[in-house]
Amino acid sequence: MDTQSYKSVYLNKATVKKEWVVIDATDLALGRLASRVALVLRGKNKPGFTPNVDCGDNVIVINAEKVALGGKKMTDRVYTRYTGFPGGQRFSTPKEILQKRPAELIRKAVKGMLPKTRLGDDILGNLHVYAGPEHPHQAQQPREIKLNEI
């Protein structure tokens, strides 16, 4: 006899309904933008969120070069990477990253807010970041969302 009035619904890869959304990064704080993008990528804004399934939407971030950092973070924050060779430690600031590869700054911030697993790597593949206002995903008919609507 089945008397429960509510049943938990778990999504799987076949039942997930993915959408495309566009977020404009103009004058948005990097951390706030990254946390909201990570939330949508993960699918936590949907009622059928399942933690072990990629149930989030595909996110397009445009105008990545116009993202804002407060205070002296643009010059004082330092990102460190290692080439793998002796003496191969390299340092860069957000200002340098924005000049060379503007999309990399947002991608790095969002990656830090996703799970450090294979699922996190798959979810990061649903993020598309572009420096300017144009993107090549018009065929997917993405809907534009504001940061405070999420």
# chains A, B, ... in the order shown; residues from 1 in each chain; ligands from 1

$ residues_around --residues "Thr15 (chain A)" --least-positions-apart "4" --cutoff "12 Å" --atoms "only C-alpha atoms" --output "VMD selection string"
chain A and resid 9 to 11 48 to 50 53 to 55

$ select_by_dssp --residues "region 11-71 of chain A" --states "alpha helix (DSSP H)" --output "list in words"
Leu30, Gly31, Arg32, Leu33, Ala34, Ser35, Arg36, Val37, Ala38, Leu39, Val40, Leu41 and Arg42 of chain A

$ select_by_dssp --residues "chain A" --states "strand (DSSP E)" --output "JSON, numbers by chain"
{"A": [20, 21, 22, 23, 24, 58, 59, 60, 61, 62, 79, 80, 81, 82, 89, 90, 91, 92, 127, 128, 129, 143, 144]}

$ closest_atom_pairs --of "region 79-145 of chain A" --to "region 64-72 of chain A" --cutoff "9 Å" --atoms "only C-alpha atoms" --output "tab-separated table"
residue	atom	partner	partner_atom	distance
A:Pro94	CA	A:Leu69	CA	8.8
A:Leu98	CA	A:Glu65	CA	6.1
A:Gln99	CA	A:Glu65	CA	8.2
A:Arg101	CA	A:Glu65	CA	8.7
A:Pro102	CA	A:Glu65	CA	5.1
A:Ala103	CA	A:Ala64	CA	5.7
A:Glu104	CA	A:Ala64	CA	8.9
A:Leu105	CA	A:Ala64	CA	8.2
A:Ile106	CA	A:Ala64	CA	7.1
A:Val129	CA	A:Ala64	CA	6.9
A:Tyr130	CA	A:Ala64	CA	6.0
A:Ala131	CA	A:Ala64	CA	4.5
A:Gly132	CA	A:Ala64	CA	6.8
A:Pro133	CA	A:Ala64	CA	8.6

$ write_last_selection --atoms "N, CA, C and O atoms" --output "short mmCIF file (atom, residue, chain, number, x, y, z; two decimals), in the first residue's frame"
data_model
loop_
_atom_site.label_atom_id
_atom_site.label_comp_id
_atom_site.auth_asym_id
_atom_site.auth_seq_id
_atom_site.Cartn_x
_atom_site.Cartn_y
_atom_site.Cartn_z
N PRO A 94 44.81 39.93 -11.16
CA PRO A 94 43.60 40.00 -12.00
C PRO A 94 43.71 41.03 -13.13
O PRO A 94 43.16 40.83 -14.20
N LEU A 98 43.01 40.01 -16.95
CA LEU A 98 41.98 40.69 -17.75
C LEU A 98 42.54 41.24 -19.06
O LEU A 98 41.84 41.31 -20.06
N GLN A 99 43.81 41.64 -19.05
CA GLN A 99 44.41 42.15 -20.28
C GLN A 99 44.69 41.03 -21.28
O GLN A 99 44.49 41.20 -22.48
N ARG A 101 43.60 37.37 -21.03
CA ARG A 101 42.49 36.45 -21.25
C ARG A 101 41.36 36.79 -20.28
O ARG A 101 41.26 36.22 -19.20
N PRO A 102 40.48 37.73 -20.64
CA PRO A 102 39.42 38.18 -19.71
C PRO A 102 38.49 37.07 -19.25
O PRO A 102 38.02 37.08 -18.13
N ALA A 103 38.23 36.10 -20.10
CA ALA A 103 37.30 35.03 -19.74
C ALA A 103 37.88 34.12 -18.66
O ALA A 103 37.14 33.48 -17.91
N GLU A 104 39.19 34.06 -18.56
CA GLU A 104 39.85 33.16 -17.63
C GLU A 104 39.59 33.54 -16.18
O GLU A 104 39.51 32.68 -15.29
N LEU A 105 39.45 34.83 -15.90
CA LEU A 105 39.23 35.29 -14.53
C LEU A 105 37.89 34.78 -13.99
O LEU A 105 37.82 34.27 -12.87
N ILE A 106 36.85 34.88 -14.78
CA ILE A 106 35.53 34.40 -14.35
C ILE A 106 35.52 32.88 -14.27
O ILE A 106 34.99 32.30 -13.33
N VAL A 129 32.24 31.63 -21.47
CA VAL A 129 32.54 33.00 -21.11
C VAL A 129 33.14 33.72 -22.31
O VAL A 129 34.05 33.19 -22.95
N TYR A 130 32.64 34.92 -22.59
CA TYR A 130 33.12 35.71 -23.72
C TYR A 130 33.44 37.12 -23.26
O TYR A 130 32.72 37.71 -22.44
N ALA A 131 34.53 37.67 -23.79
CA ALA A 131 35.01 39.00 -23.38
C ALA A 131 34.07 40.10 -23.84
O ALA A 131 33.83 41.06 -23.12
N GLY A 132 33.52 40.00 -25.01
CA GLY A 132 32.67 41.05 -25.56
C GLY A 132 31.20 40.75 -25.42
O GLY A 132 30.80 39.75 -24.82
N PRO A 133 30.35 41.59 -26.04
CA PRO A 133 28.90 41.38 -25.93
C PRO A 133 28.35 40.34 -26.90
O PRO A 133 27.19 39.98 -26.80
#

$ closest_residue --among "A:Ala139, A:Ile62, A:Leu41, A:Met74" --to "Gly120 (chain A)" --atoms "only C-alpha atoms"
A:Leu41

$ residues_around --residues "region 16-33 of chain A" --least-positions-apart "2" --cutoff "7 Å" --atoms "only C-alpha atoms" --output "PyMOL selection string"
chain A and resi 11-14+35-37+55-64+66-69+140+142-146

$ residues_around --residues "region 113-119 of chain A" --least-positions-apart "2" --cutoff "9 Å" --atoms "only C-alpha atoms" --output "list in words"
Ala34, Ser35, Ala38, Leu39, Leu41, Arg42, Asn52, Val53, Asp54, Ala109, Val110, Lys111, Asp121, Asp122, Ile123 and Leu124 of chain A

$ closest_residue --among "A:Lys44, A:Arg81, A:Ser8, A:Leu147" --to "Lys108 (chain A)" --atoms "only C-alpha atoms"
A:Arg81

$ atom_distance --atom1 "CA of Thr80 (chain A)" --atom2 "CA of Arg107 (chain A)"
15.3 Å
